[in-house]
Amino acid sequence: MRPKRHPPSSRSVIRDQVEARSKIWCERAGELVLSEWRLDLLAAVGETGSLSRAAERLDVPYRTAWHKLKAVEEQLGIRLLETQSGGAGGGGSSLTPDALELIRRFRRVRQGVSELVSKRFESEFADWLG
């Protein structure tokens, strides 16, 4: 059953408010490999220079963040972080070239999927949304 159609004046208001959203994740043999959250965590490490500060920024325990990135490394067979141990100057983490490439590619895929979803949504609902 189709929803009740709105008068033309309210359709334009609805179109301005409705946007299609999507999320991307990748699995291998039923196990999560990549997700938007994991890539956001990785990017946060690059921005903050520290896995602990990245975990803090995303409001997740350090141990959880560490395990999630280790799982990505194991699933993909690549190293994501270069780490320096603490000490007087403190430690830190930086992204490997593979990690930077992974972020770049995943963001391109995410953008492409978002564009496709928006176009498909608009074509399917153009009659309802004006």
# chains A, B, ... in the order shown; residues from 1 in each chain; ligands from 1
call {"tool": "residues_around", "arguments": {"residues": "Thr83 in chain A", "least_positions_apart": "3", "cutoff": "8 Å", "atoms": "only C-alpha atoms", "output": "PyMOL selection string"}}
result
chain A and resi 91-94
call {"tool": "write_last_selection", "arguments": {"atoms": "N, CA and C atoms", "output": "short mmCIF file (atom, residue, chain, number, x, y, z; two decimals), in the first residue's frame"}}
result
data_model
loop_
_atom_site.label_atom_id
_atom_site.label_comp_id
_atom_site.auth_asym_id
_atom_site.auth_seq_id
_atom_site.Cartn_x
_atom_site.Cartn_y
_atom_site.Cartn_z
N GLY A 91 55.49 7.66 23.79
CA GLY A 91 55.43 6.86 22.58
C GLY A 91 54.47 7.47 21.59
N GLY A 92 54.14 6.69 20.60
CA GLY A 92 53.20 7.15 19.61
C GLY A 92 53.04 6.13 18.51
N SER A 93 52.15 6.43 17.61
CA SER A 93 51.89 5.56 16.46
C SER A 93 51.73 6.41 15.22
N SER A 94 52.19 5.87 14.12
CA SER A 94 51.96 6.51 12.83
C SER A 94 51.46 5.45 11.87
#
call {"tool": "closest_atom_pairs", "arguments": {"of": "range 19-53 of chain A", "to": "range 119-124 of chain A", "cutoff": "12 Å", "atoms": "only C-alpha atoms", "output": "Markdown table"}}
result
| residue | atom | partner | partner_atom | distance |
| --- | --- | --- | --- | --- |
| A:Glu19 | CA | A:Phe121 | CA | 8.3 |
| A:Ala20 | CA | A:Phe121 | CA | 6.4 |
| A:Arg21 | CA | A:Phe121 | CA | 9.5 |
| A:Ser22 | CA | A:Phe121 | CA | 11.0 |
call {"tool": "residues_around", "arguments": {"residues": "Ala54 in chain A", "least_positions_apart": "5", "cutoff": "7 Å", "atoms": "only C-alpha atoms", "output": "ChimeraX atom specification"}}
result
/A:41,44-45,48
call {"tool": "write_last_selection", "arguments": {"atoms": "C-alpha atoms", "output": "mmCIF file, in the first residue's frame"}}
result
data_model
loop_
_atom_site.group_PDB
_atom_site.id
_atom_site.type_symbol
_atom_site.label_atom_id
_atom_site.label_comp_id
_atom_site.auth_asym_id
_atom_site.auth_seq_id
_atom_site.Cartn_x
_atom_site.Cartn_y
_atom_site.Cartn_z
ATOM 1 C CA LEU A 41 39.749 4.671 14.043
ATOM 2 C CA ALA A 44 42.149 9.063 14.007
ATOM 3 C CA VAL A 45 45.468 7.355 14.800
ATOM 4 C CA THR A 48 46.439 12.175 16.703
#
call {"tool": "closest_residue", "arguments": {"among": "A:Ile24, A:Gly46, A:Trp37, A:Arg110", "to": "Asp59 in chain A", "atoms": "only C-alpha atoms"}}
result
A:Trp37
call {"tool": "residues_around", "arguments": {"residues": "Leu102 in chain A", "least_positions_apart": "6", "cutoff": "10 Å", "atoms": "only C-alpha atoms", "output": "ChimeraX atom specification"}}
result
/A:34,39,42,78,80,96,108
call {"tool": "closest_residue", "arguments": {"among": "A:Glu115, A:Gln75, A:Lys70, A:Lys23", "to": "Glu36 in chain A", "atoms": "only C-alpha atoms"}}
result
A:Lys23
call {"tool": "atom_distance", "arguments": {"atom1": "CA of Arg107 in chain A", "atom2": "CA of Gln84 in chain A"}}
result
27.2 Å
call {"tool": "select_by_dssp", "arguments": {"residues": "range 4-121 of chain A", "states": "strand (DSSP E or B)", "output": "JSON list (two decimals) with N, CA and C atoms, in the first residue's frame"}}
result
[["chain", "number", "residue", "atom", "x", "y", "z"],
["A", 25, "TRP", "N", 30.65, -2.27, 4.99],
["A", 25, "TRP", "CA", 31.60, -3.09, 5.73],
["A", 25, "TRP", "C", 31.95, -4.28, 4.85],
["A", 26, "CYS", "N", 33.05, -4.89, 5.13],
["A", 26, "CYS", "CA", 33.53, -6.03, 4.34],
["A", 26, "CYS", "C", 33.75, -7.20, 5.28],
["A", 27, "GLU", "N", 33.34, -8.36, 4.81],
["A", 27, "GLU", "CA", 33.50, -9.58, 5.58],
["A", 27, "GLU", "C", 34.25, -10.61, 4.75],
["A", 28, "ARG", "N", 34.91, -11.51, 5.45],
["A", 28, "ARG", "CA", 35.54, -12.67, 4.82],
["A", 28, "ARG", "C", 35.16, -13.87, 5.68],
["A", 31, "GLU", "N", 33.50, -13.17, 8.91],
["A", 31, "GLU", "CA", 34.23, -12.35, 9.88],
["A", 31, "GLU", "C", 34.38, -10.93, 9.34],
["A", 32, "LEU", "N", 34.11, -9.96, 10.18],
["A", 32, "LEU", "CA", 34.27, -8.57, 9.79],
["A", 32, "LEU", "C", 35.74, -8.26, 9.51],
["A", 33, "VAL", "N", 36.01, -7.69, 8.36],
["A", 33, "VAL", "CA", 37.37, -7.31, 7.99],
["A", 33, "VAL", "C", 37.52, -5.80, 8.09],
["A", 34, "LEU", "N", 36.69, -5.09, 7.37],
["A", 34, "LEU", "CA", 36.74, -3.62, 7.36],
["A", 34, "LEU", "C", 35.37, -3.05, 7.62],
["A", 35, "SER", "N", 35.35, -1.90, 8.26],
["A", 35, "SER", "CA", 34.11, -1.17, 8.46],
["A", 35, "SER", "C", 34.44, 0.32, 8.48],
["A", 81, "LEU", "N", 50.19, 0.00, 11.53],
["A", 81, "LEU", "CA", 50.78, 0.99, 12.43],
["A", 81, "LEU", "C", 52.28, 0.79, 12.61],
["A", 82, "GLU", "N", 52.98, 1.90, 12.67],
["A", 82, "GLU", "CA", 54.37, 1.94, 13.13],
["A", 82, "GLU", "C", 54.28, 2.50, 14.55],
["A", 83, "THR", "N", 54.82, 1.79, 15.51],
["A", 83, "THR", "CA", 54.70, 2.25, 16.89],
["A", 83, "THR", "C", 56.07, 2.54, 17.49],
["A", 84, "GLN", "N", 56.08, 3.53, 18.36],
["A", 84, "GLN", "CA", 57.27, 3.87, 19.14],
["A", 84, "GLN", "C", 56.89, 3.71, 20.61],
["A", 92, "GLY", "N", 54.14, 6.69, 20.60],
["A", 92, "GLY", "CA", 53.20, 7.15, 19.61],
["A", 92, "GLY", "C", 53.04, 6.13, 18.51],
["A", 93, "SER", "N", 52.15, 6.43, 17.61],
["A", 93, "SER", "CA", 51.89, 5.56, 16.46],
["A", 93, "SER", "C", 51.73, 6.41, 15.22],
["A", 94, "SER", "N", 52.19, 5.87, 14.12],
["A", 94, "SER", "CA", 51.96, 6.51, 12.83],
["A", 94, "SER", "C", 51.46, 5.45, 11.87],
["A", 95, "LEU", "N", 50.84, 5.89, 10.79],
["A", 95, "LEU", "CA", 50.28, 4.97, 9.82],
["A", 95, "LEU", "C", 51.34, 4.53, 8.81]]
call {"tool": "select_by_dssp", "arguments": {"residues": "range 39-129 of chain A", "states": "helix (DSSP H, G or I)", "output": "number ranges by chain"}}
result
A: 39-48, 51-57, 62-76, 97-129
call {"tool": "write_last_selection", "arguments": {"atoms": "C-alpha atoms", "output": "compact mmCIF listing (two decimals), in the first residue's frame"}}
result
# COMPACT_ATOMS: atom_id res chain seq x y z
CA LEU A 39 38.74 3.06 9.10
CA ASP A 40 37.69 6.08 11.17
CA LEU A 41 39.75 4.67 14.04
CA LEU A 42 42.73 4.21 11.77
CA ALA A 43 42.38 7.76 10.42
CA ALA A 44 42.15 9.06 14.01
CA VAL A 45 45.47 7.35 14.80
CA GLY A 46 46.99 9.21 11.85
CA GLU A 47 45.53 12.52 13.02
CA THR A 48 46.44 12.17 16.70
CA LEU A 51 46.29 4.79 19.26
CA SER A 52 45.33 5.70 22.83
CA ARG A 53 44.34 9.25 21.81
CA ALA A 54 42.43 7.89 18.80
CA ALA A 55 40.56 5.47 21.07
CA GLU A 56 39.80 8.31 23.45
CA ARG A 57 38.51 10.45 20.56
CA TYR A 62 42.26 1.32 24.16
CA ARG A 63 42.22 -2.47 24.31
CA THR A 64 39.17 -2.62 22.00
CA ALA A 65 40.80 -0.24 19.51
CA TRP A 66 44.01 -2.26 19.54
CA HIS A 67 42.15 -5.55 18.97
CA LYS A 68 40.09 -4.11 16.10
CA LEU A 69 43.13 -2.85 14.23
CA LYS A 70 45.04 -6.08 14.87
CA ALA A 71 42.09 -8.00 13.40
CA VAL A 72 42.24 -5.86 10.24
CA GLU A 73 45.98 -6.49 9.97
CA GLU A 74 45.49 -10.24 10.32
CA GLN A 75 42.60 -10.41 7.85
CA LEU A 76 44.37 -8.34 5.18
CA PRO A 97 51.95 3.49 3.66
CA ASP A 98 49.58 0.50 3.39
CA ALA A 99 47.30 2.04 6.02
CA LEU A 100 47.22 5.35 4.16
CA GLU A 101 46.39 3.52 0.92
CA LEU A 102 43.67 1.51 2.67
CA ILE A 103 42.04 4.68 3.99
CA ARG A 104 42.25 6.36 0.59
CA ARG A 105 40.67 3.43 -1.25
CA PHE A 106 37.97 2.78 1.34
CA ARG A 107 36.95 6.45 1.31
CA ARG A 108 36.71 6.36 -2.49
CA VAL A 109 34.48 3.29 -2.30
CA ARG A 110 32.37 4.88 0.44
CA GLN A 111 31.91 8.05 -1.64
CA GLY A 112 31.03 6.05 -4.75
CA VAL A 113 28.48 3.91 -2.91
CA SER A 114 26.96 7.01 -1.33
CA GLU A 115 26.54 8.59 -4.76
CA LEU A 116 24.98 5.43 -6.19
CA VAL A 117 22.57 5.09 -3.25
CA SER A 118 21.52 8.73 -3.56
CA LYS A 119 20.89 8.43 -7.30
CA ARG A 120 18.95 5.20 -6.90
CA PHE A 121 16.91 6.60 -4.03
CA GLU A 122 16.05 9.70 -6.05
CA SER A 123 15.02 7.62 -9.09
CA GLU A 124 12.85 5.31 -7.00
CA PHE A 125 11.14 8.03 -4.97
CA ALA A 126 11.16 11.02 -7.33
CA ASP A 127 7.36 10.80 -7.73
CA TRP A 128 6.85 11.04 -3.98
CA LEU A 129 9.54 13.57 -3.24
